[in-house]
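File shown: coords_3.txt (compact mmCIF, C-alpha atoms and all ligand atoms).
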```txt
# COMPACT_ATOMS: atom_id res chain seq x y z
CA MET A 1 35.36 32.55 -113.25
CA ASN A 2 32.56 33.33 -110.94
CA THR A 3 33.91 33.72 -107.44
CA ASN A 4 30.72 35.10 -106.06
CA ARG A 5 28.14 32.38 -106.68
CA PHE A 6 27.03 32.54 -103.10
CA ASN A 7 28.67 34.81 -100.71
CA THR A 8 30.30 33.04 -97.84
CA SER A 9 33.65 34.72 -98.01
CA ARG A 10 32.74 38.25 -96.92
CA THR A 11 32.71 38.66 -93.18
CA PRO A 12 29.82 40.66 -91.77
CA LYS A 13 30.34 42.98 -88.82
CA ASN A 14 28.60 40.79 -86.26
CA VAL A 15 30.77 37.75 -86.84
CA PRO A 16 30.81 35.31 -83.95
CA ALA A 17 33.73 34.83 -81.60
CA PRO A 18 36.87 33.24 -83.03
CA VAL A 19 37.09 29.48 -83.00
CA PRO A 20 38.36 28.24 -79.62
CA THR A 21 41.18 25.72 -79.66
CA GLN A 22 39.47 23.46 -77.10
CA PHE A 23 35.92 22.17 -77.27
CA PRO A 24 33.79 23.66 -74.53
CA PRO A 25 32.17 20.93 -72.44
CA ASN A 26 29.21 19.25 -74.12
CA SER A 27 29.44 20.93 -77.47
CA SER A 28 31.66 21.09 -80.51
CA TYR A 29 33.35 24.42 -81.12
CA TYR A 30 31.09 25.40 -83.99
CA GLU A 31 27.86 24.51 -82.22
CA ASP A 32 27.37 27.98 -80.76
CA LEU A 33 28.69 29.88 -83.74
CA VAL A 34 26.45 31.80 -86.08
CA PHE A 35 26.92 30.98 -89.74
CA PRO A 36 25.38 33.98 -91.48
CA TYR A 37 25.52 32.52 -94.98
CA CYS A 38 24.51 29.01 -94.03
CA GLU A 39 20.76 28.50 -94.18
CA ASP A 40 18.96 26.14 -91.83
CA ILE A 41 18.02 22.70 -93.16
CA SER A 42 14.44 23.24 -92.01
CA GLY A 43 14.06 25.33 -95.17
CA TYR A 44 14.08 22.06 -97.11
CA GLU A 45 11.68 19.17 -97.21
CA ARG A 46 13.57 15.94 -97.80
CA LEU A 47 11.89 13.86 -100.49
CA THR A 48 13.96 10.78 -101.16
CA LYS A 49 17.45 9.36 -100.84
CA ILE A 50 19.20 9.26 -104.21
CA GLY A 51 22.80 8.51 -103.40
CA GLN A 52 25.09 6.87 -100.92
CA GLY A 53 28.66 7.80 -101.63
CA THR A 54 31.86 7.47 -99.72
CA PHE A 55 31.32 10.65 -97.76
CA GLY A 56 27.63 10.45 -97.02
CA GLU A 57 24.11 10.39 -98.28
CA VAL A 58 22.50 12.48 -101.01
CA PHE A 59 18.83 13.43 -100.89
CA LYS A 60 16.40 14.96 -103.30
CA ALA A 61 14.71 17.85 -101.47
CA ARG A 62 12.35 20.75 -102.03
CA ALA A 63 12.93 24.32 -100.83
CA ARG A 64 9.88 25.20 -98.75
CA ASP A 65 9.79 28.83 -99.87
CA SER A 66 10.49 28.64 -103.61
CA GLY A 67 9.51 25.02 -104.28
CA ARG A 68 12.85 24.56 -106.05
CA ILE A 69 14.06 20.96 -106.21
CA VAL A 70 17.65 20.51 -105.04
CA ALA A 71 20.09 17.75 -104.10
CA LEU A 72 21.40 17.80 -100.53
CA LYS A 73 24.74 16.09 -100.02
CA LYS A 74 25.40 15.35 -96.39
CA ILE A 75 28.89 16.08 -95.18
CA LEU A 76 29.94 13.12 -93.12
CA MET A 77 31.07 14.47 -89.75
CA ASP A 78 31.23 11.19 -87.82
CA ASN A 79 34.96 10.89 -88.05
CA GLU A 80 35.67 14.54 -87.59
CA LYS A 81 37.21 15.13 -84.21
CA GLU A 82 38.98 18.21 -85.36
CA GLY A 83 36.17 20.20 -86.92
CA PHE A 84 34.84 20.68 -90.40
CA PRO A 85 36.27 18.04 -92.77
CA ILE A 86 39.08 19.35 -94.93
CA THR A 87 37.86 17.24 -97.86
CA ALA A 88 34.48 19.00 -97.81
CA LEU A 89 36.16 22.40 -97.53
CA ARG A 90 38.19 21.55 -100.59
CA GLU A 91 35.11 20.48 -102.54
CA ILE A 92 33.29 23.69 -101.58
CA ARG A 93 36.23 25.92 -102.45
CA ILE A 94 36.62 24.34 -105.88
CA LEU A 95 32.90 24.30 -106.66
CA LYS A 96 32.64 27.97 -105.71
CA LEU A 97 35.29 28.80 -108.28
CA LEU A 98 33.66 26.89 -111.10
CA ASN A 99 30.77 28.21 -113.14
CA HIS A 100 29.94 26.33 -116.31
CA GLU A 101 26.90 24.70 -117.83
CA ASN A 102 28.62 21.31 -117.72
CA VAL A 103 29.71 21.50 -114.07
CA VAL A 104 27.17 21.01 -111.31
CA SER A 105 26.23 24.23 -109.50
CA LEU A 106 26.65 24.49 -105.76
CA LEU A 107 23.78 26.66 -104.56
CA GLY A 108 24.79 26.94 -100.94
CA ILE A 109 25.43 25.18 -97.67
CA SER A 110 22.80 24.19 -95.18
CA ARG A 111 23.07 23.33 -91.51
CA GLN A 112 21.13 21.00 -89.28
CA LYS A 113 21.76 21.90 -85.67
CA GLY A 114 21.97 19.47 -82.79
CA PHE A 115 22.89 16.22 -84.47
CA GLN A 116 23.94 13.39 -82.12
CA HIS A 117 27.64 12.74 -82.56
CA LYS A 118 28.25 9.00 -82.58
CA THR A 119 31.99 8.44 -82.55
CA ALA A 120 33.09 11.71 -81.06
CA GLY A 121 35.79 12.01 -78.47
CA LYS A 122 37.47 8.78 -79.49
CA GLY A 123 40.74 8.28 -81.27
CA SER A 124 41.51 11.80 -82.36
CA SER A 125 44.96 12.26 -83.78
CA ASN A 126 45.21 15.47 -81.77
CA LYS A 127 45.84 14.46 -78.15
CA ASN A 128 45.29 17.99 -76.85
CA ASN A 129 41.90 18.19 -78.46
CA PRO A 130 40.08 14.88 -78.42
CA GLY A 131 36.87 16.29 -79.91
CA PRO A 132 33.37 16.49 -78.54
CA PRO A 133 32.39 13.71 -76.14
CA PHE A 134 30.15 10.85 -77.20
CA GLY A 135 26.46 11.63 -77.52
CA ILE A 136 26.63 15.41 -77.51
CA ASN A 137 24.91 17.56 -80.08
CA VAL A 138 26.87 18.64 -83.09
CA SER A 139 25.73 20.18 -86.34
CA MET A 140 25.38 18.39 -89.64
CA PHE A 141 26.15 20.28 -92.82
CA PHE A 142 24.79 19.74 -96.31
CA LEU A 143 25.98 20.93 -99.68
CA VAL A 144 22.98 22.19 -101.66
CA PHE A 145 23.20 21.50 -105.39
CA GLU A 146 21.01 22.15 -108.38
CA PHE A 147 19.10 18.91 -108.91
CA CYS A 148 19.81 16.69 -111.91
CA GLU A 149 17.32 13.97 -112.69
CA HIS A 150 19.79 11.22 -113.61
CA ASP A 151 23.36 10.06 -113.34
CA LEU A 152 25.05 8.32 -116.25
CA ALA A 153 25.57 5.05 -114.36
CA GLY A 154 21.83 4.91 -113.61
CA LEU A 155 20.93 5.66 -117.23
CA LEU A 156 23.34 3.08 -118.64
CA SER A 157 22.14 0.37 -116.29
CA ASN A 158 18.61 0.73 -117.62
CA VAL A 159 18.23 -1.27 -120.84
CA ALA A 160 15.16 0.76 -121.74
CA VAL A 161 17.34 3.84 -122.19
CA LYS A 162 18.72 3.74 -125.71
CA PHE A 163 20.93 6.54 -126.95
CA ASN A 164 21.53 6.85 -130.68
CA MET A 165 24.88 7.88 -132.15
CA ALA A 166 24.04 11.59 -132.27
CA GLU A 167 23.02 11.51 -128.60
CA ILE A 168 26.14 9.61 -127.58
CA LYS A 169 28.14 12.32 -129.34
CA LYS A 170 26.28 14.99 -127.36
CA ILE A 171 27.05 13.22 -124.07
CA MET A 172 30.75 12.98 -124.90
CA GLN A 173 30.91 16.53 -126.23
CA GLN A 174 29.43 17.90 -123.01
CA LEU A 175 31.71 15.71 -120.87
CA LEU A 176 34.74 17.01 -122.77
CA ASN A 177 33.46 20.60 -122.58
CA GLY A 178 33.25 20.26 -118.79
CA LEU A 179 36.74 18.77 -118.67
CA TYR A 180 38.12 21.45 -120.98
CA TYR A 181 36.66 24.09 -118.67
CA ILE A 182 37.98 22.65 -115.39
CA HIS A 183 41.40 21.85 -116.86
CA SER A 184 41.77 25.34 -118.26
CA ASN A 185 41.00 26.59 -114.77
CA ASN A 186 43.77 24.34 -113.40
CA ILE A 187 41.45 21.91 -111.65
CA LEU A 188 41.80 18.14 -111.85
CA HIS A 189 38.65 16.14 -111.14
CA ARG A 190 40.43 12.91 -110.14
CA ASP A 191 37.29 10.82 -109.77
CA LEU A 192 35.73 10.64 -113.17
CA LYS A 193 33.24 7.77 -113.49
CA ALA A 194 29.71 7.28 -114.75
CA SER A 195 28.05 7.87 -111.37
CA ASN A 196 29.80 11.25 -111.06
CA VAL A 197 28.35 12.43 -114.35
CA LEU A 198 24.87 13.87 -113.91
CA ILE A 199 22.35 14.48 -116.68
CA THR A 200 19.27 16.67 -116.38
CA LYS A 201 15.97 15.67 -117.92
CA LYS A 202 16.66 18.30 -120.57
CA GLY A 203 19.81 16.41 -121.50
CA VAL A 204 22.39 18.77 -119.99
CA LEU A 205 25.41 16.94 -118.64
CA LYS A 206 27.10 18.11 -115.43
CA LEU A 207 30.38 16.92 -113.97
CA ALA A 208 29.79 16.30 -110.27
CA ASP A 209 31.51 15.03 -107.12
CA PHE A 210 34.50 17.29 -106.69
CA GLY A 211 35.34 15.52 -103.42
CA LEU A 212 38.71 14.41 -104.78
CA ALA A 213 39.39 17.38 -107.04
CA ARG A 214 42.38 19.64 -106.58
CA ALA A 215 44.10 22.56 -108.21
CA PHE A 216 47.21 21.72 -110.17
CA SER A 217 50.16 23.65 -111.42
CA LYS A 218 52.57 22.99 -114.23
CA PRO A 219 55.72 21.61 -112.59
CA ARG A 220 58.60 24.08 -112.96
CA ASN A 221 61.86 23.33 -111.16
CA GLN A 222 60.30 20.94 -108.73
CA LYS A 223 58.10 18.00 -109.58
CA ASN A 224 54.60 17.95 -108.08
CA ARG A 225 54.01 15.28 -105.46
CA TYR A 226 50.28 14.72 -105.55
CA THR A 227 48.86 11.57 -104.06
CA ASN A 228 48.28 8.75 -106.52
CA ARG A 229 45.62 7.16 -104.32
CA VAL A 230 42.89 8.83 -106.32
CA VAL A 231 40.34 7.84 -108.94
CA THR A 232 38.05 4.86 -108.44
CA LEU A 233 40.04 1.77 -109.40
CA TRP A 234 38.11 0.86 -112.56
CA TYR A 235 38.72 4.30 -114.03
CA ARG A 236 42.26 4.79 -112.73
CA PRO A 237 44.91 5.38 -115.41
CA PRO A 238 48.05 3.24 -115.64
CA GLU A 239 50.39 6.04 -114.52
CA LEU A 240 48.60 6.37 -111.17
CA LEU A 241 48.58 2.60 -110.71
CA LEU A 242 52.35 2.68 -111.26
CA GLY A 243 52.89 5.37 -108.64
CA GLU A 244 53.03 8.63 -110.62
CA ARG A 245 52.75 11.69 -108.38
CA ASN A 246 53.62 14.37 -110.89
CA TYR A 247 50.47 14.09 -112.95
CA GLY A 248 48.06 16.43 -114.69
CA PRO A 249 44.79 16.58 -116.68
CA HIS A 250 45.64 13.39 -118.56
CA VAL A 251 44.46 11.36 -115.56
CA ASP A 252 40.93 12.64 -116.24
CA MET A 253 41.22 11.93 -119.97
CA TRP A 254 41.76 8.21 -119.24
CA GLY A 255 38.50 8.26 -117.27
CA ALA A 256 36.80 10.01 -120.19
CA GLY A 257 37.99 7.15 -122.44
CA CYS A 258 36.58 4.54 -120.04
CA ILE A 259 33.26 6.39 -119.91
CA MET A 260 33.14 6.80 -123.69
CA ALA A 261 33.51 3.04 -124.25
CA GLU A 262 30.94 2.44 -121.50
CA LEU A 263 28.37 4.41 -123.52
CA TRP A 264 28.23 1.45 -125.90
CA VAL A 265 29.26 -1.42 -123.65
CA ARG A 266 26.85 -0.21 -120.89
CA SER A 267 29.13 -1.45 -118.10
CA PRO A 268 32.51 -0.28 -116.84
CA ILE A 269 35.00 -1.80 -119.24
CA LEU A 270 37.90 -2.48 -116.85
CA GLN A 271 36.64 -3.98 -113.62
CA GLY A 272 39.74 -5.00 -111.68
CA GLU A 273 39.55 -6.24 -108.09
CA SER A 274 43.03 -5.02 -107.15
CA GLU A 275 45.60 -2.60 -108.51
CA GLN A 276 47.63 -5.47 -109.94
CA ARG A 277 44.56 -6.93 -111.61
CA GLN A 278 43.57 -3.50 -112.94
CA LEU A 279 46.97 -3.18 -114.63
CA TYR A 280 46.56 -6.67 -116.04
CA LEU A 281 43.16 -5.81 -117.53
CA ILE A 282 44.53 -2.55 -118.93
CA SER A 283 47.35 -4.44 -120.66
CA LYS A 284 44.95 -7.05 -122.01
CA LEU A 285 43.03 -4.21 -123.67
CA CYS A 286 45.69 -1.62 -124.45
CA GLY A 287 48.79 -3.78 -124.81
CA SER A 288 51.83 -4.38 -122.63
CA ILE A 289 53.26 -1.50 -120.65
CA THR A 290 56.81 -1.19 -121.97
CA PRO A 291 59.40 1.56 -122.49
CA GLU A 292 58.88 1.10 -126.25
CA VAL A 293 55.33 2.47 -126.10
CA TRP A 294 55.90 4.62 -122.98
CA PRO A 295 59.56 5.66 -122.56
CA SER A 296 59.25 7.46 -119.20
CA VAL A 297 57.43 4.55 -117.55
CA VAL A 298 60.81 3.33 -116.26
CA GLU A 299 60.95 6.36 -113.92
CA LEU A 300 57.77 5.40 -112.10
CA GLU A 301 58.09 4.07 -108.58
CA MET A 302 56.20 0.85 -109.10
CA TYR A 303 57.72 -0.01 -112.48
CA GLY A 304 59.87 -3.07 -111.91
CA LYS A 305 58.24 -3.71 -108.54
CA ILE A 306 54.87 -4.81 -109.82
CA GLU A 307 54.45 -7.66 -112.26
CA LEU A 308 53.29 -6.48 -115.66
CA LEU A 309 51.80 -8.54 -118.45
CA ALA A 310 54.43 -9.13 -121.15
CA ASN A 311 53.92 -9.48 -124.91
CA ALA A 312 50.28 -8.45 -124.93
CA PRO A 313 49.26 -6.81 -128.21
CA ARG A 314 47.09 -3.69 -128.20
CA LYS A 315 43.52 -4.88 -128.83
CA THR A 316 41.47 -1.81 -127.99
CA LYS A 317 39.74 -1.69 -131.35
CA ASP A 318 39.33 -5.48 -131.72
CA ARG A 319 37.78 -5.85 -128.28
CA LEU A 320 35.39 -2.95 -128.74
CA LEU A 321 34.41 -3.81 -132.31
CA PRO A 322 31.41 -5.97 -131.27
CA TYR A 323 29.94 -2.89 -129.59
CA ILE A 324 31.13 0.09 -131.62
CA LYS A 325 30.68 0.19 -135.38
CA ASP A 326 31.58 3.83 -135.90
CA ASN A 327 35.16 4.34 -137.06
CA SER A 328 35.70 7.82 -135.71
CA ALA A 329 34.27 6.81 -132.30
CA MET A 330 36.75 3.96 -132.18
CA GLU A 331 39.59 6.29 -133.19
CA LEU A 332 38.77 8.73 -130.40
CA ILE A 333 38.54 6.01 -127.73
CA ASP A 334 41.85 4.69 -128.97
CA LYS A 335 43.41 8.14 -128.47
CA LEU A 336 41.93 8.51 -124.97
CA LEU A 337 42.99 5.07 -123.78
CA VAL A 338 46.67 5.62 -124.54
CA LEU A 339 49.04 4.14 -121.98
CA ASP A 340 51.64 6.94 -122.09
CA PRO A 341 49.90 9.98 -120.53
CA SER A 342 52.07 12.39 -122.53
CA LYS A 343 50.64 10.91 -125.74
CA ARG A 344 47.04 10.77 -124.52
CA ILE A 345 44.71 13.22 -126.25
CA ASP A 346 43.69 16.29 -124.21
CA ALA A 347 40.21 17.82 -124.00
CA THR A 348 40.90 20.53 -126.61
CA LEU A 349 42.06 18.09 -129.27
CA ALA A 350 39.37 15.57 -128.37
CA LEU A 351 36.69 18.22 -128.96
CA ASP A 352 38.21 18.86 -132.39
CA HIS A 353 38.09 15.18 -133.28
CA ASP A 354 36.20 14.09 -136.43
CA PHE A 355 33.83 12.12 -134.21
CA PHE A 356 32.03 15.36 -133.35
CA TRP A 357 32.11 16.83 -136.85
CA ASN A 358 31.02 13.83 -138.95
CA ASP A 359 27.39 12.93 -139.56
CA PRO A 360 25.34 12.37 -137.52
CA LEU A 361 26.22 15.57 -135.64
CA PRO A 362 25.71 15.68 -131.85
CA ALA A 363 22.00 16.00 -131.05
CA ASP A 364 19.96 16.97 -128.05
CA LEU A 365 19.06 14.18 -125.57
CA SER A 366 15.85 15.72 -124.33
CA THR A 367 13.50 13.78 -126.61
CA THR A 368 14.90 10.39 -125.62
CA LEU A 369 14.92 11.39 -121.95
CA SER A 370 11.35 12.68 -122.12
CA HIS A 371 10.21 9.04 -122.55
CA HIS A 372 11.51 8.32 -119.04
CA THR A 373 9.65 9.93 -116.21
CA MET A 374 11.54 8.19 -113.38
CA SER A 375 14.93 9.37 -112.18
CA MET A 376 17.78 6.97 -112.84
CA PHE A 377 20.65 6.97 -110.38
CA GLU A 378 23.31 4.37 -109.73
CA TYR A 379 22.08 4.10 -106.15
CA LEU A 380 18.55 3.24 -107.27
CA ALA A 381 19.60 0.87 -110.05
CA PRO A 382 19.53 -2.86 -109.46
CA THR A 383 23.03 -4.36 -109.48
CA ARG A 384 24.34 -4.25 -112.99
CA HIS A 385 24.14 -7.51 -114.86
CA ARG A 386 27.16 -8.68 -116.74
CA ARG A 387 25.40 -8.82 -120.07
CA GLY A 388 26.88 -5.58 -121.25
CA ALA A 389 30.37 -6.17 -119.98
CA ILE A 390 33.30 -6.75 -122.30
CA LYS A 391 33.59 -10.44 -122.94
CA PRO A 392 36.37 -12.18 -121.00
CA ALA A 393 39.46 -12.46 -123.18
CA GLY A 394 40.72 -15.73 -121.82
CA PRO A 395 40.05 -18.50 -119.35
CA GLN A 396 42.04 -16.84 -116.58
CA GLN A 397 39.76 -13.80 -116.61
CA GLN A 398 37.41 -13.86 -113.65
CA VAL A 399 33.75 -13.08 -113.35
CA MET A 400 33.05 -9.34 -113.46
CA PRO A 401 32.12 -7.89 -110.10
CA PRO A 402 28.92 -5.86 -109.81
CA ARG A 403 29.22 -2.28 -111.03
CA ASN A 404 28.65 -0.52 -107.76
CA GLN A 405 32.15 -0.15 -106.39
CA ASP A 406 30.94 2.03 -103.59
CA ASN A 407 29.80 -1.15 -101.88
CA ILE A 408 33.29 -2.56 -101.93
CA SER A 409 35.17 -1.00 -99.07
CA SER A 410 38.61 -1.75 -100.46
CA TYR A 411 37.88 0.55 -103.38
CA GLN A 412 37.09 3.49 -101.19
CA GLU A 413 40.41 5.15 -101.48
CA ARG A 414 39.92 8.76 -100.68
CA VAL A 415 43.26 9.71 -99.23
CA TYR A 416 44.92 13.06 -99.84
N1 LIG A 501 23.10 17.54 -107.88
C1 LIG A 501 22.69 16.28 -107.91
N2 LIG A 501 21.51 15.97 -108.50
C2 LIG A 501 21.09 14.69 -108.53
N3 LIG A 501 21.78 13.66 -108.01
C3 LIG A 501 22.93 13.90 -107.41
C4 LIG A 501 23.46 15.22 -107.32
N4 LIG A 501 24.63 15.16 -106.69
C5 LIG A 501 24.84 13.86 -106.40
N5 LIG A 501 23.82 13.09 -106.82
C6 LIG A 501 23.68 11.62 -106.69
O1 LIG A 501 24.32 11.20 -105.51
C7 LIG A 501 25.42 10.32 -105.82
C8 LIG A 501 26.55 10.57 -104.83
O2 LIG A 501 26.95 11.94 -104.91
P1 LIG A 501 28.46 12.34 -105.10
O3 LIG A 501 28.54 13.83 -105.19
O4 LIG A 501 29.02 11.57 -106.24
O5 LIG A 501 29.08 11.92 -103.71
P2 LIG A 501 30.13 10.82 -103.26
O6 LIG A 501 31.40 11.56 -103.07
O7 LIG A 501 29.56 10.36 -102.00
O8 LIG A 501 30.21 9.78 -104.35
C9 LIG A 501 25.77 10.63 -107.28
O9 LIG A 501 26.37 9.50 -107.89
C10 LIG A 501 24.40 10.92 -107.86
O10 LIG A 501 23.71 9.73 -108.15
MG MG A 502 30.43 10.10 -106.41
```
Would it be possible to restate this file's structure as structure tokens?
Amino acid sequence: MNTNRFNTSRTPKNVPAPVPTQFPPNSSYYEDLVFPYCEDISGYERLTKIGQGTFGEVFKARARDSGRIVALKKILMDNEKEGFPITALREIRILKLLNHENVVSLLGISRQKGFQHKTAGKGSSNKNNPGPPFGINVSMFFLVFEFCEHDLAGLLSNVAVKFNMAEIKKIMQQLLNGLYYIHSNNILHRDLKASNVLITKKGVLKLADFGLARAFSKPRNQKNRYTNRVVTLWYRPPELLLGERNYGPHVDMWGAGCIMAELWVRSPILQGESEQRQLYLISKLCGSITPEVWPSVVELEMYGKIELLANAPRKTKDRLLPYIKDNSAMELIDKLLVLDPSKRIDATLALDHDFFWNDPLPADLSTTLSHHTMSMFEYLAPTRHRRGAIKPAGPQQQVMPPRNQDNISSYQERVY
């Protein structure tokens, strides 16, 4: 692993004074500090806004010296009364560790000095240190990424973008390569979805948005107790919905299954409006959640407390048949969307699946993408129409909500 992508960890001799425990009047503690490895934002010309996520805005920008196009992801500091957000620190630490063609590259961190703090000084959980007072100047920080021209949600919402089978295979192969790499480095992504999958105009796929990622360890004597309030609802696996806290890479493989089906369906396939409804939709597609198909489900906290759909047959293949004609594709989706996480296929085995080794073999996306000169991002796409969504299975199934969950505040569950 490359631990030296950009060097922020070494401490130069002229490091600034240690961080004070109290904010000096009229400034936040880091305002007067020198950040030797943090370039100033004035080195970039902002071109256009390309994303609005949970934690802030993303801009396309140009480096004034080299002309290099980058993506700047603003670190939301508004609610930070106690300094640099821990979530952003986590994202930076993980991205610094990772170095793979199918994982987005963090190029550095940039600072904009003297930003007006809007909510500062109010409601801090730390009574001794209420944060900088309202209206004072505090810095804004940006993560600087290599720029990718599209995200998968943007591409799939554009009907003019048509991927053939060989190209779909290439997308999935790269997605699984990225997952294989992060999982073998003991990192869970925990927010896999189409808008967090970037694709360059040359057709190279990059896993992005490590804002919810974490390192994991194989449980030994003690079970892990990770939070289960992760993964955007539509891509959240059944074990997390049922309260599992001792989970591993299989949570990302469920998301990979949802994304794989979405490559044909062109819309998220399981669009629940609540956790209960999400479980209902999962059972409608993948069959009832029972100890017969998933013996250890009985140990999960929510099992028995939440109403589960009884006697539903597994219909994964039947429901997807109108969209997917390829047998091996269907087989692989079926192995990814397995209810019992211990039986769900992992990235290594998925990459070995016949789907990738049968004709047509995976083929480069660059020709198809070269027909599209405009960037396609979820943020820029008009609200997704329901045309591509899986047809409702019965009368009680409600109208599909629009694809952009980021607009629905109840889905913004980013708790650690
Ligand atoms: N390196 C990048 N190149 C191009 N677009 C990007 C890049 N990083 C993020 N984006 C766009 O910004 C959106 C939000 O960024 P993301 O990292 O997912 O943040 P959030 O945690 O706010 O969802 C992405 O869905 C994508 O459309
Ligand atoms: Mg995102």
Name the residues in contact with stretch 336-341 of chain A at a cut-off of 6 Å, using all atoms listed in the file, excluding same-chain residues fewer than 3 positions from it; report them as a list in words.
-> His250, Trp254, Gly257, Trp294, Ile333, Arg344 and Ile345 of chain A
Atom-to-atom span, atom CA of A:Pro36 and atom CA of A:Val138, Å =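 Here the two named atoms are 17.5 Å from each other.
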Within 10 Å of ligand MG 502 (chain A), counting only C-alpha atoms and all ligand atoms, residues as an MDAnalysis selection string = chainID A and resid 51:56 58 151 191:197 208:212 232 378 406
Please provide the set of residues having any atom within 10 Å of A:Leu143, restricted to only C-alpha atoms, with same-chain residues fewer than 2 positions apart removed, written as a PDB file with C-alpha atoms, keeping the file's coordinate frame.
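selection-v9.pdb, freshly written:
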```pdb
ATOM      1  CA  CYS A  38      24.510  29.010 -94.030  1.00  0.00           C
ATOM      2  CA  VAL A  58      22.500  12.480-101.010  1.00  0.00           C
ATOM      3  CA  VAL A  70      17.650  20.510-105.040  1.00  0.00           C
ATOM      4  CA  ALA A  71      20.090  17.750-104.100  1.00  0.00           C
ATOM      5  CA  LEU A  72      21.400  17.800-100.530  1.00  0.00           C
ATOM      6  CA  LYS A  73      24.740  16.090-100.020  1.00  0.00           C
ATOM      7  CA  LYS A  74      25.400  15.350 -96.390  1.00  0.00           C
ATOM      8  CA  ILE A  75      28.890  16.080 -95.180  1.00  0.00           C
ATOM      9  CA  ALA A  88      34.480  19.000 -97.810  1.00  0.00           C
ATOM     10  CA  GLU A  91      35.110  20.480-102.540  1.00  0.00           C
ATOM     11  CA  ILE A  92      33.290  23.690-101.580  1.00  0.00           C
ATOM     12  CA  LEU A 106      26.650  24.490-105.760  1.00  0.00           C
ATOM     13  CA  LEU A 107      23.780  26.660-104.560  1.00  0.00           C
ATOM     14  CA  GLY A 108      24.790  26.940-100.940  1.00  0.00           C
ATOM     15  CA  ILE A 109      25.430  25.180 -97.670  1.00  0.00           C
ATOM     16  CA  SER A 110      22.800  24.190 -95.180  1.00  0.00           C
ATOM     17  CA  ARG A 111      23.070  23.330 -91.510  1.00  0.00           C
ATOM     18  CA  PHE A 141      26.150  20.280 -92.820  1.00  0.00           C
ATOM     19  CA  PHE A 145      23.200  21.500-105.390  1.00  0.00           C
TER      20      PHE A 145
END
```
Provide the atom CA of A:Lys284 to atom CA of A:Lys325 distance in Å, to one decimal place.
->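 Between atom CA of A:Lys284 and atom CA of A:Lys325 the gap works out to 20.9 Å.
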Would you mind telling me which residue in A:Leu95, A:Ala261, A:Leu47, A:Met376 lies nearest to ligand LIG 501 (chain A) when using all atoms listed in the file?
->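 Checking each of A:Leu95, A:Ala261, A:Leu47, A:Met376 against ligand LIG 501 (chain A), counting all atoms listed in the file, the winner is A:Met376.
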What does the distance between atom CA of A:Tyr180 and atom CA of A:Glu299 come to in Å, to one decimal place?
-> 28.3 Å
Out of A:Ser342, A:Asn327, A:Ser375, A:Asn99, which residue has the shortest atom-to-atom distance to ligand LIG 501 (chain A) when counting all atoms listed in the file?
-> A:Ser375
Kindly provide, as AutoDock Vina command-line options, the centre and edge lengths (Å, one decimal) of an axis-aligned box around all atoms of ligand LIG 501 (chain A) given in the file, with 3 Å on each side.
```
--center_x 26.2 --center_y 13.5 --center_z -105.3 --size_x 16.3 --size_y 14.0 --size_z 12.5
```
Test item: residues at most 12 Å from A:Arg64, only C-alpha atoms, excluding those fewer than 6 positions along its chain, as a PyMOL selection string = chain A and resi 40-47+70
